[in-house]
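Enquirer: Structure file model03.csv (CSV, C-alpha atoms and all ligand atoms) is given on the next line.
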```
chain,number,residue,atom,x,y,z
A,1216,MET,CA,-170.3,80.1,65.5
A,1217,ASP,CA,-168.4,79.5,68.8
A,1218,LYS,CA,-169.5,82.5,70.7
A,1219,VAL,CA,-171.7,85.3,69.5
A,1220,ARG,CA,-169.7,88.5,69.6
A,1221,VAL,CA,-171.9,91.3,70.9
A,1222,GLY,CA,-171.7,95.1,71.2
A,1223,VAL,CA,-174.0,97.4,73.1
A,1224,ILE,CA,-174.9,100.9,71.7
A,1225,GLY,CA,-176.1,103.3,74.4
A,1226,VAL,CA,-175.0,102.3,77.8
A,1227,GLY,CA,-177.2,104.5,80.1
A,1228,GLY,CA,-179.4,103.0,82.8
A,1229,HIS,CA,-181.2,100.5,80.6
A,1230,GLY,CA,-178.3,99.6,78.3
A,1231,ARG,CA,-176.1,98.7,81.2
A,1232,GLY,CA,-178.8,97.0,83.4
A,1233,ARG,CA,-181.1,95.3,81.0
A,1234,HIS,CA,-178.7,94.4,78.2
A,1235,LEU,CA,-175.1,94.4,79.1
A,1236,ILE,CA,-175.4,92.7,82.5
A,1237,PRO,CA,-177.7,89.9,81.1
A,1238,TYR,CA,-175.3,89.3,78.2
A,1239,THR,CA,-172.4,88.6,80.6
A,1240,LYS,CA,-174.5,85.8,82.1
A,1241,LEU,CA,-174.8,83.9,78.8
A,1242,PRO,CA,-171.9,81.4,78.3
A,1243,ASN,CA,-172.2,81.5,74.5
A,1244,VAL,CA,-171.8,85.3,74.3
A,1245,GLU,CA,-168.7,87.5,74.3
A,1246,VAL,CA,-169.3,91.2,74.9
A,1247,VAL,CA,-166.7,92.8,72.8
A,1248,ALA,CA,-167.4,96.6,73.1
A,1249,VAL,CA,-169.7,99.3,74.1
A,1250,ALA,CA,-170.5,102.7,72.4
A,1251,ASP,CA,-172.0,105.8,73.9
A,1252,VAL,CA,-171.8,109.4,72.7
A,1253,ASN,CA,-171.2,110.4,76.3
A,1254,GLN,CA,-167.4,109.8,76.5
A,1255,ARG,CA,-167.4,109.6,80.3
A,1256,ARG,CA,-170.2,107.1,80.3
A,1257,ALA,CA,-168.6,105.0,77.5
A,1258,GLU,CA,-165.3,104.9,79.4
A,1259,GLU,CA,-166.9,104.2,82.8
A,1260,VAL,CA,-168.9,101.2,81.5
A,1261,GLY,CA,-166.1,100.0,79.2
A,1262,LYS,CA,-163.8,99.8,82.2
A,1263,GLU,CA,-166.3,98.3,84.4
A,1264,PHE,CA,-167.0,95.4,82.0
A,1265,LYS,CA,-163.4,95.3,80.7
A,1266,VAL,CA,-164.3,95.8,77.1
A,1267,ARG,CA,-163.3,98.3,74.5
A,1268,TYR,CA,-165.4,101.5,74.3
A,1269,TYR,CA,-166.2,104.0,71.6
A,1270,THR,CA,-168.1,107.3,71.3
A,1271,ASP,CA,-169.0,106.5,67.6
A,1272,TYR,CA,-171.1,103.4,67.1
A,1273,MET,CA,-170.1,103.0,63.5
A,1274,GLU,CA,-166.5,103.1,64.4
A,1275,MET,CA,-167.3,100.3,66.9
A,1276,ILE,CA,-168.9,98.3,64.1
A,1277,GLU,CA,-166.0,98.9,61.7
A,1278,ARG,CA,-163.3,98.0,64.2
A,1279,GLU,CA,-164.9,95.2,66.2
A,1280,ASN,CA,-167.0,93.6,63.5
A,1281,PRO,CA,-169.5,92.2,66.0
A,1282,ASP,CA,-172.1,89.5,65.1
A,1283,ALA,CA,-174.8,91.3,66.9
A,1284,VAL,CA,-175.6,94.5,68.8
A,1285,SER,CA,-178.2,95.8,71.3
A,1286,ILE,CA,-179.4,99.4,70.6
A,1287,VAL,CA,-180.4,101.2,73.8
A,1288,THR,CA,-180.1,104.8,72.8
A,1289,PRO,CA,-183.0,107.3,73.3
A,1290,THR,CA,-186.0,106.3,71.3
A,1291,GLY,CA,-185.7,109.0,68.6
A,1292,LEU,CA,-182.4,107.4,67.5
A,1293,HIS,CA,-183.5,103.7,67.5
A,1294,ALA,CA,-184.5,103.4,63.8
A,1295,LYS,CA,-181.5,105.3,62.4
A,1296,VAL,CA,-179.0,103.4,64.5
A,1297,ALA,CA,-180.7,100.1,63.7
A,1298,LYS,CA,-180.7,100.8,59.9
A,1299,ASP,CA,-177.1,101.8,60.0
A,1300,VAL,CA,-176.0,98.7,61.8
A,1301,LEU,CA,-178.3,96.2,59.9
A,1302,SER,CA,-176.9,97.7,56.6
A,1303,LYS,CA,-173.5,96.5,57.8
A,1304,GLY,CA,-174.8,92.9,58.2
A,1305,VAL,CA,-175.1,92.9,62.0
A,1306,HIS,CA,-178.0,91.2,63.9
A,1307,VAL,CA,-179.9,93.7,66.0
A,1308,LEU,CA,-181.9,93.8,69.3
A,1309,VAL,CA,-183.5,97.3,69.5
A,1310,ASP,CA,-185.0,98.3,72.8
A,1311,LYS,CA,-188.6,99.2,72.8
A,1312,PRO,CA,-190.1,101.0,70.9
A,1313,LEU,CA,-188.5,100.1,67.5
A,1314,GLY,CA,-188.9,103.6,66.2
A,1315,ALA,CA,-190.6,106.9,66.7
A,1316,ASN,CA,-193.3,106.3,64.1
A,1317,LEU,CA,-194.7,103.7,61.7
A,1318,SER,CA,-192.6,104.9,58.7
A,1319,GLU,CA,-189.4,104.5,60.6
A,1320,VAL,CA,-190.4,101.1,61.8
A,1321,ILE,CA,-191.2,99.9,58.3
A,1322,ASP,CA,-187.9,101.2,57.1
A,1323,VAL,CA,-186.0,99.1,59.7
A,1324,VAL,CA,-188.1,96.0,59.1
A,1325,ARG,CA,-187.5,96.2,55.4
A,1326,THR,CA,-183.7,96.7,55.9
A,1327,ALA,CA,-183.5,93.6,58.2
A,1328,LYS,CA,-185.5,91.6,55.6
A,1329,ALA,CA,-183.2,92.7,52.7
A,1330,LYS,CA,-180.1,91.9,54.7
A,1331,GLY,CA,-181.4,88.6,56.1
A,1332,LYS,CA,-180.5,89.6,59.6
A,1333,VAL,CA,-182.3,89.0,62.9
A,1334,LEU,CA,-184.3,92.0,64.1
A,1335,MET,CA,-185.7,91.6,67.6
A,1336,VAL,CA,-187.5,94.3,69.6
A,1337,GLY,CA,-186.6,94.6,73.3
A,1338,TYR,CA,-190.0,94.1,75.0
A,1339,TRP,CA,-188.5,92.4,78.1
A,1340,SER,CA,-192.1,92.4,79.5
A,1341,ARG,CA,-193.0,89.7,77.0
A,1342,PHE,CA,-191.0,87.2,79.1
A,1343,SER,CA,-193.3,87.6,82.1
A,1344,PRO,CA,-194.4,84.2,83.4
A,1345,ALA,CA,-197.9,85.7,84.2
A,1346,LEU,CA,-198.2,86.9,80.5
A,1347,LYS,CA,-197.1,83.4,79.4
A,1348,PHE,CA,-199.8,81.8,81.5
A,1349,GLY,CA,-202.3,84.1,79.8
A,1350,ALA,CA,-201.0,83.1,76.3
A,1351,GLU,CA,-201.1,79.4,77.3
A,1352,ALA,CA,-204.7,79.7,78.5
A,1353,MET,CA,-205.6,81.4,75.2
A,1354,SER,CA,-204.0,78.7,73.1
A,1355,LEU,CA,-205.6,75.9,75.1
A,1356,GLY,CA,-209.0,77.5,74.2
A,1357,MET,CA,-209.8,78.3,77.9
A,1358,VAL,CA,-210.7,81.9,77.0
A,1359,GLY,CA,-212.7,80.8,73.9
A,1360,GLU,CA,-213.1,83.6,71.3
A,1361,PRO,CA,-211.6,86.9,72.6
A,1362,TYR,CA,-213.8,89.9,71.8
A,1363,LEU,CA,-212.5,92.7,74.0
A,1364,ALA,CA,-209.2,93.6,75.4
A,1365,TYR,CA,-208.5,96.4,77.9
A,1366,GLY,CA,-205.2,97.9,79.0
A,1367,TYR,CA,-204.4,100.6,81.6
A,1368,LEU,CA,-200.9,101.8,82.4
A,1369,VAL,CA,-200.9,104.9,84.5
A,1370,ARG,CA,-198.6,106.7,86.9
A,1371,ARG,CA,-200.0,109.0,89.5
A,1372,ARG,CA,-196.9,111.2,88.9
A,1373,GLY,CA,-194.1,109.8,86.7
A,1374,ILE,CA,-193.2,112.2,83.9
A,1375,PRO,CA,-189.6,111.1,83.1
A,1376,GLY,CA,-187.9,114.5,83.2
A,1377,SER,CA,-184.6,113.5,81.5
A,1378,PRO,CA,-183.9,114.6,77.9
A,1379,THR,CA,-183.9,111.0,76.7
A,1380,PHE,CA,-187.7,110.9,77.3
A,1381,ILE,CA,-188.9,114.5,76.8
A,1382,ASP,CA,-186.5,116.2,74.4
A,1383,LYS,CA,-188.4,116.4,71.2
A,1384,GLN,CA,-185.6,115.0,69.1
A,1385,LEU,CA,-184.4,112.3,71.5
A,1386,SER,CA,-187.9,111.1,72.4
A,1387,GLY,CA,-189.1,111.0,68.8
A,1388,GLY,CA,-191.4,113.9,69.6
A,1389,ARG,CA,-193.9,111.6,71.4
A,1390,GLY,CA,-194.9,111.2,75.0
A,1391,ALA,CA,-196.6,108.6,77.3
A,1392,LEU,CA,-198.4,106.9,74.4
A,1393,LEU,CA,-195.2,105.9,72.6
A,1394,ASP,CA,-193.0,105.5,75.7
A,1395,ILE,CA,-195.2,103.2,77.8
A,1396,GLY,CA,-198.4,102.8,75.7
A,1397,CYS,CA,-196.3,100.5,73.5
A,1398,TYR,CA,-196.0,98.1,76.5
A,1399,ILE,CA,-199.8,97.9,76.8
A,1400,LEU,CA,-200.2,97.2,73.1
A,1401,ASP,CA,-197.4,94.6,73.0
A,1402,ASN,CA,-198.7,92.7,76.1
A,1403,LEU,CA,-202.4,92.7,74.9
A,1404,LEU,CA,-201.6,92.1,71.2
A,1405,SER,CA,-199.4,89.1,72.0
A,1406,LEU,CA,-202.4,87.5,73.8
A,1407,LEU,CA,-204.6,88.2,70.8
A,1408,ASN,CA,-202.0,87.0,68.3
A,1409,PHE,CA,-201.5,90.4,66.7
A,1410,PRO,CA,-204.7,90.8,64.7
A,1411,ARG,CA,-204.9,93.5,62.0
A,1412,PRO,CA,-206.3,96.8,63.3
A,1413,VAL,CA,-208.9,98.4,61.0
A,1414,THR,CA,-210.0,101.6,62.7
A,1415,VAL,CA,-208.8,103.7,65.6
A,1416,SER,CA,-210.3,106.5,67.7
A,1417,GLY,CA,-208.1,108.4,70.2
A,1418,ALA,CA,-207.5,111.4,72.3
A,1419,THR,CA,-204.3,112.8,73.8
A,1420,TYR,CA,-203.9,115.3,76.6
A,1421,THR,CA,-201.1,117.5,78.1
A,1422,LYS,CA,-202.4,118.4,81.6
A,1423,PHE,CA,-199.3,118.2,83.8
A,1424,GLY,CA,-196.0,118.6,81.8
A,1425,ARG,CA,-196.5,122.3,81.1
A,1426,ASN,CA,-197.4,123.1,84.7
A,1427,PRO,CA,-194.3,124.4,86.6
A,1428,GLU,CA,-195.9,123.4,90.0
A,1429,GLU,CA,-195.9,119.8,88.9
A,1430,VAL,CA,-192.1,119.4,88.3
A,1431,LYS,CA,-191.2,118.5,91.9
A,1432,PHE,CA,-193.8,115.7,92.1
A,1433,ASN,CA,-192.4,113.8,89.0
A,1434,TRP,CA,-189.1,112.3,87.9
A,1435,GLY,CA,-186.1,114.4,87.3
A,1436,SER,CA,-186.7,118.0,86.2
A,1437,TRP,CA,-187.5,119.7,82.9
A,1438,ASP,CA,-188.5,123.1,81.6
A,1439,PRO,CA,-192.3,123.1,81.5
A,1440,SER,CA,-192.3,126.0,79.0
A,1441,LYS,CA,-190.7,123.6,76.5
A,1442,PHE,CA,-192.8,120.6,77.2
A,1443,GLU,CA,-194.6,119.6,74.0
A,1444,LEU,CA,-195.6,115.9,74.5
A,1445,GLU,CA,-198.8,114.3,75.7
A,1446,ASP,CA,-198.9,113.0,79.3
A,1447,TYR,CA,-202.2,111.1,78.9
A,1448,ALA,CA,-203.8,109.2,76.0
A,1449,VAL,CA,-206.8,107.0,75.3
A,1450,GLY,CA,-207.6,104.8,72.3
A,1451,PHE,CA,-210.3,102.6,71.0
A,1452,ILE,CA,-209.2,100.1,68.3
A,1453,ARG,CA,-211.3,97.8,66.1
A,1454,PHE,CA,-209.7,94.7,64.6
A,1455,GLU,CA,-210.4,92.8,61.4
A,1456,ASN,CA,-211.5,89.7,63.3
A,1457,GLY,CA,-214.3,91.7,65.1
A,1458,ALA,CA,-212.5,92.1,68.4
A,1459,SER,CA,-211.9,95.5,69.9
A,1460,MET,CA,-209.5,97.1,72.4
A,1461,ILE,CA,-209.5,100.1,74.8
A,1462,ILE,CA,-206.3,101.5,76.2
A,1463,GLU,CA,-205.5,104.2,78.7
A,1464,VAL,CA,-202.0,105.4,79.3
A,1465,GLY,CA,-200.5,108.2,81.4
A,1466,TRP,CA,-197.3,109.5,82.8
A,1467,ALA,CA,-199.4,111.5,85.3
A,1468,ALA,CA,-203.0,111.6,86.5
A,1469,ASN,CA,-205.1,112.4,89.5
A,1470,VAL,CA,-205.8,108.8,90.4
A,1471,SER,CA,-205.9,106.9,93.7
A,1472,HIS,CA,-202.9,104.6,93.3
A,1473,VAL,CA,-199.3,105.7,94.0
A,1474,GLY,CA,-196.7,104.8,91.4
A,1475,GLU,CA,-197.4,103.0,88.2
A,1476,VAL,CA,-200.2,100.5,87.9
A,1477,GLY,CA,-200.9,98.2,85.0
A,1478,ILE,CA,-204.3,96.5,84.4
A,1479,TYR,CA,-204.7,94.1,81.5
A,1480,ARG,CA,-207.9,92.3,80.6
A,1481,VAL,CA,-209.1,90.0,77.8
A,1482,LEU,CA,-212.7,88.9,77.6
A,1483,GLY,CA,-213.7,85.8,75.8
A,1484,ASN,CA,-216.9,83.8,75.5
A,1485,LYS,CA,-215.5,80.9,77.6
A,1486,GLY,CA,-213.2,82.7,80.0
A,1487,GLY,CA,-211.6,86.0,80.9
A,1488,LEU,CA,-208.0,87.0,81.8
A,1489,GLU,CA,-207.2,89.7,84.3
A,1490,GLY,CA,-203.7,90.8,84.7
A,1491,ARG,CA,-202.1,93.2,87.2
A,1492,GLY,CA,-198.6,94.6,87.3
A,1493,HIS,CA,-196.9,97.6,85.6
A,1494,GLU,CA,-195.1,97.6,82.3
A,1495,ALA,CA,-194.9,93.8,82.7
A,1496,VAL,CA,-197.8,91.7,83.9
A,1497,THR,CA,-196.9,90.2,87.3
A,1498,GLU,CA,-200.1,88.4,88.2
A,1499,MET,CA,-202.7,86.8,85.9
A,1500,THR,CA,-206.0,85.2,86.8
A,1501,LEU,CA,-208.3,83.2,84.6
A,1502,HIS,CA,-212.0,83.7,85.3
A,1503,SER,CA,-214.4,81.0,83.9
A,1504,ARG,CA,-217.1,78.5,84.9
A,1505,THR,CA,-217.9,74.8,85.2
A,1506,SER,CA,-221.5,73.6,84.7
A,1507,ASN,CA,-222.5,74.8,88.1
A,1508,PHE,CA,-219.8,77.2,89.3
A,1509,LEU,CA,-217.9,80.3,88.4
A,1510,TYR,CA,-214.3,79.8,89.3
A,1511,ASP,CA,-210.9,81.7,89.3
A,1512,THR,CA,-207.6,80.1,88.5
A,1513,LYS,CA,-204.3,81.7,89.5
A,1514,PRO,CA,-201.0,80.0,88.4
A,1515,VAL,CA,-198.1,79.5,90.8
A,1516,LEU,CA,-195.4,81.6,89.2
A,1517,GLY,CA,-191.6,81.4,89.6
A,1518,ASN,CA,-189.2,84.3,89.5
A,1519,VAL,CA,-187.8,85.0,86.1
A,1520,ASP,CA,-185.1,87.4,85.1
A,1521,MET,CA,-187.0,88.8,82.1
A,1522,SER,CA,-184.1,90.8,80.7
A,1523,LEU,CA,-181.9,87.7,80.7
A,1524,GLU,CA,-184.7,85.8,78.9
A,1525,MET,CA,-184.9,88.6,76.4
A,1526,VAL,CA,-181.2,88.6,75.5
A,1527,ARG,CA,-181.2,84.8,75.5
A,1528,ALA,CA,-184.1,84.7,73.0
A,1529,PHE,CA,-182.1,87.1,70.8
A,1530,ILE,CA,-179.0,85.0,70.9
A,1531,ASP,CA,-181.0,81.8,70.3
A,1532,SER,CA,-182.6,83.2,67.2
A,1533,ILE,CA,-179.2,84.0,65.8
A,1534,THR,CA,-177.6,80.6,66.7
A,1535,GLN,CA,-180.6,78.5,65.8
A,1536,GLY,CA,-181.7,80.5,62.8
A,1537,LYS,CA,-185.3,81.0,64.1
A,1538,GLU,CA,-187.6,84.0,64.3
A,1539,PRO,CA,-187.4,85.9,67.5
A,1540,PRO,CA,-190.4,86.1,69.8
A,1541,THR,CA,-190.8,89.9,69.5
A,1542,THR,CA,-190.6,90.6,65.7
A,1543,GLY,CA,-190.4,93.7,63.6
A,1544,TYR,CA,-193.8,92.8,62.0
A,1545,GLN,CA,-195.4,92.9,65.4
A,1546,SER,CA,-194.0,96.4,65.9
A,1547,VAL,CA,-195.6,97.4,62.6
A,1548,ILE,CA,-199.0,96.5,64.1
A,1549,ILE,CA,-198.1,98.3,67.4
A,1550,HIS,CA,-197.0,101.5,65.6
A,1551,SER,CA,-199.8,101.5,63.1
A,1552,ILE,CA,-202.1,101.8,66.2
A,1553,ILE,CA,-200.0,104.4,68.0
A,1554,ASP,CA,-199.7,106.6,64.9
A,1555,THR,CA,-203.4,106.3,64.2
A,1556,ILE,CA,-204.3,107.3,67.8
A,1557,TYR,CA,-202.2,110.5,67.3
A,1558,GLU,CA,-203.9,111.1,63.9
A,1559,SER,CA,-207.4,110.5,65.3
A,1560,ALA,CA,-206.6,112.8,68.3
A,1561,SER,CA,-205.6,115.7,66.0
A,1562,LYS,CA,-208.5,115.2,63.6
A,1563,GLY,CA,-211.1,114.6,66.4
A,1564,SER,CA,-212.6,111.6,64.6
A,1565,GLU,CA,-212.2,107.9,64.0
A,1566,VAL,CA,-209.4,107.0,61.4
A,1567,ARG,CA,-209.0,104.0,59.2
A,1568,VAL,CA,-205.6,102.2,59.7
A,1569,THR,CA,-203.4,101.6,56.7
A,1570,ILE,CA,-200.6,99.1,56.9
A,1571,PRO,CA,-198.3,99.0,53.8
A,1572,GLU,CA,-197.0,95.7,52.6
A,1573,ILE,CA,-193.5,94.9,54.0
B,1,LIG,N1,-185.0,103.0,81.9
B,1,LIG,C1,-186.0,102.2,81.7
B,1,LIG,O1,-186.5,101.6,82.7
B,1,LIG,C2,-186.3,101.7,80.4
B,1,LIG,C3,-187.2,100.7,80.3
B,1,LIG,C4,-187.5,100.2,79.1
B,1,LIG,C5,-187.0,100.8,78.0
B,1,LIG,N2,-186.2,101.8,78.0
B,1,LIG,C6,-185.7,102.3,76.7
B,1,LIG,O2,-184.3,102.3,76.6
B,1,LIG,C7,-183.8,103.4,75.9
B,1,LIG,C8,-182.8,104.1,76.8
B,1,LIG,O3,-183.4,104.5,78.0
B,1,LIG,P1,-182.5,104.7,79.3
B,1,LIG,O4,-183.4,104.9,80.5
B,1,LIG,O5,-181.3,103.8,79.4
B,1,LIG,O6,-181.9,106.2,78.9
B,1,LIG,P2,-180.5,106.8,79.3
B,1,LIG,O7,-180.6,108.3,79.1
B,1,LIG,O8,-180.1,106.4,80.7
B,1,LIG,O9,-179.4,106.1,78.3
B,1,LIG,C9,-179.4,106.4,77.0
B,1,LIG,C10,-177.9,106.4,76.6
B,1,LIG,O10,-177.8,106.5,75.2
B,1,LIG,C11,-176.7,107.3,74.9
B,1,LIG,N3,-176.7,107.8,73.5
B,1,LIG,C12,-177.4,108.9,73.1
B,1,LIG,N4,-177.2,109.0,71.7
B,1,LIG,C13,-176.3,108.1,71.4
B,1,LIG,C14,-175.7,107.7,70.1
B,1,LIG,N5,-176.0,108.4,69.0
B,1,LIG,N6,-174.9,106.7,70.1
B,1,LIG,C15,-174.6,106.0,71.3
B,1,LIG,N7,-175.1,106.3,72.5
B,1,LIG,C16,-176.0,107.3,72.5
B,1,LIG,C17,-176.7,108.4,76.0
B,1,LIG,O11,-175.5,109.1,76.1
B,1,LIG,C18,-177.1,107.6,77.2
B,1,LIG,O12,-176.0,107.1,77.9
B,1,LIG,C19,-185.1,104.3,75.6
B,1,LIG,O13,-185.5,104.1,74.3
B,1,LIG,C20,-186.1,103.7,76.5
B,1,LIG,O14,-187.4,103.8,76.0
B,1,LIG,C21,-185.8,102.3,79.2
```
Could I get this structure in the form of structure tokens?
Expert:
Amino acid sequence: MDKVRVGVIGVGGHGRGRHLIPYTKLPNVEVVAVADVNQRRAEEVGKEFKVRYYTDYMEMIERENPDAVSIVTPTGLHAKVAKDVLSKGVHVLVDKPLGANLSEVIDVVRTAKAKGKVLMVGYWSRFSPALKFGAEAMSLGMVGEPYLAYGYLVRRRGIPGSPTFIDKQLSGGRGALLDIGCYILDNLLSLLNFPRPVTVSGATYTKFGRNPEEVKFNWGSWDPSKFELEDYAVGFIRFENGASMIIEVGWAANVSHVGEVGIYRVLGNKGGLEGRGHEAVTEMTLHSRTSNFLYDTKPVLGNVDMSLEMVRAFIDSITQGKEPPTTGYQSVIIHSIIDTIYESASKGSEVRVTIPEI
């Protein structure tokens, strides 16, 4: 294959910024077209990048016959669009999260497997150098046996008010836990090598989204009387290998920090990792000891364009026939936990996780 011919479906903020622009920087990629239901947006972006534009993504697939597409529509549409496109034999990079729930995710993973096409999930945060330092420390045995992971990703006020994120259909009917909780899970699970979860206990809360006085402090605007999603969630997860994990995620909370703060921790018997950042880990420190001293190690990190590395990894897995770094199976683990937190929250008790064979 000379150049990989790529289309982008959904060219809003993220589709344009984190997919389209990075693709144009890869010499072995030709962006052939974009599709967006919003005619004005499709035309604007199509003209800006000098590519053909469509309002119907299936028409784009039929007419342009691309090798691969990025799907960057609102979350509630990810799985349907991915299935439609994979069924036509096209490789797919779906932005996070892969679907609104576990059954959608399994459906997409099975379709990709049946069609023998690359399915990658767009966790750009996975390409963080700080996270990679953590993974390397883990694989070199510097952390020893990990037994507890902790993740916190909370905004003081950051309910995303646009329909993409809070309309029940477009968002997949789920709030902060799905939208940004998936980043915590992906970051931490990648350090732990995606162990199988066995039980989950969780709680979800809606304390800000329905309060009209809160709208002005958050992002965009929405109708509080129609807000039906959780704005905070907490979960406790036990894994098959004996390790456990605590996560806390919020679009809004009365906390001290301004903006979004991410804290990531893995405790092992030889060392511990502590990361700071937001959706992506930007700093990571290894805490350990010699015979006589406790010490901290902080790597010197270069700047990396994480979105560029994400699309590069997608294209490499197509051209080199290798598994992408963020796989559909990993999303099965992520979504089995997210779904079980919602189930536990509604039942008010711990719930056993069931993961069907793929
Ligand atoms: N904005 C971010 O910082 C960010 C970060 C990470 C991930 N994401 C993910 O990216 C996705 C999109 O987010 P965004 O911020 O770009 O939203 P957005 O609202 O700016 O863009 C979504 C675009 O999809 C289009 N669209 C809707 N239905 C479509 C369809 N059937 N076919 C083609 N196009 C369709 C919309 O018209 C819109 O232009 C979400 O799933 C979100 O979770 C966003």
Enquirer: Using all atoms listed in the file, tabulate the residues of segment 1316-1413 of chain A lying at most 7 Å from any atom of segment 1434-1457 of chain A, each with its closest atom pair and that distance in Å to one decimal, by chain and increasing residue number, as CSV.
Expert:
```
residue,atom,partner,partner_atom,distance
A:Tyr1362,CA,A:Gly1457,CA,7.0
A:Gly1373,CA,A:Trp1434,CA,5.7
A:Ile1374,CA,A:Trp1434,CA,5.7
A:Pro1375,CA,A:Trp1434,CA,5.0
A:Gly1376,CA,A:Gly1435,CA,4.5
A:Ser1377,CA,A:Gly1435,CA,6.1
A:Gly1388,CA,A:Leu1444,CA,6.8
A:Arg1389,CA,A:Leu1444,CA,5.6
A:Gly1390,CA,A:Leu1444,CA,4.8
A:Ala1391,CA,A:Asp1446,CA,5.4
A:Leu1392,CA,A:Ala1448,CA,6.1
A:Pro1410,CA,A:Phe1454,CA,6.3
A:Arg1411,CA,A:Glu1455,CA,5.6
A:Pro1412,CA,A:Phe1454,CA,4.2
A:Val1413,CA,A:Phe1454,CA,5.2
```
Enquirer: Residues near segment 1283-1297 of chain A, anyone? I mean within 6 Å using only C-alpha atoms, not counting same-chain ones fewer than 5 positions away, as a list in words.
Expert: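 In the requested format, the answer is Val1221, Gly1222, Val1223, Ile1224, Gly1225, Gly1230, Val1305, His1306, Val1307, Leu1308, Val1309, Asp1310, Gly1314, Ala1315, Glu1319, Thr1379, Leu1385, Ser1386 and Gly1387 of chain A.
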Enquirer: Which value, in Å to one decimal, gives the distance between atom CA of Val1260 of chain A and atom CA of Asp1299 of chain A?
Expert: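 Distance reported for this atom pair: 23.0 Å.
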Enquirer: Have a look at A:Ser1506, A:Thr1270, A:Thr1326, A:Thr1512 and name the one nearest to ligand LIG 1 (chain B); count all atoms listed in the file.
Expert: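 For ligand LIG 1 (chain B), the nearest of the candidates is A:Thr1270.
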Enquirer: Compile the contact shell of Glu1558 of chain A as an NGL selection string: residues with an atom at most 9 Å away, counting only C-alpha atoms, same-chain residues fewer than 6 positions apart removed.
Expert: :A and (1416-1417 or 1564-1566)
Enquirer: Go ahead and compute the interatomic distance for atom CA of Gly1490 of chain A and atom CA of Leu1403 of chain A, in Å to one decimal.
Expert: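 Going from atom CA of Gly1490 of chain A over to atom CA of Leu1403 of chain A, I get 10.1 Å.
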Enquirer: A:Ile1381, A:Leu1501, A:Val1323, A:Leu1406: which is nearest Tyr1544 of chain A, counting only C-alpha atoms?
Expert: A:Val1323
Enquirer: Closest to Pro1242 of chain A among A:Ile1530, A:Leu1334, A:Val1464, A:Met1273, using only C-alpha atoms?
Expert: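 Residue with the minimum atom-to-atom distance to Pro1242 of chain A: A:Ile1530.
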Enquirer: Please determine, counting all atoms listed in the file, which residue among A:Val1473, A:Ala1352, A:Ala1345, A:Met1275 has the shortest atom-to-atom distance to Asp1251 of chain A.
Expert: A:Met1275
Enquirer: Would you mind reading off the distance between atom CA of Leu1523 of chain A and atom CA of Tyr1398 of chain A, one decimal, in Å?
Expert: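 Answer for the atom CA of Leu1523 of chain A to atom CA of Tyr1398 of chain A separation: 18.0 Å.
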Enquirer: Looking at A:Lys1347, A:His1472, A:Lys1513, A:Lys1303, which one is nearest to Gly1331 of chain A, with distances taken over all atoms listed in the file?
Expert: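 Selected residue with least distance to Gly1331 of chain A: A:Lys1303.
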Enquirer: Can you work out which one of A:Arg1370, A:Arg1255, A:Lys1431, A:Lys1422 has the shortest atom-to-atom distance to ligand LIG 1 (chain B), counting only C-alpha atoms and all ligand atoms?
Expert: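 Looking only at the distances to ligand LIG 1 (chain B), the closest residue turns out to be A:Arg1255.
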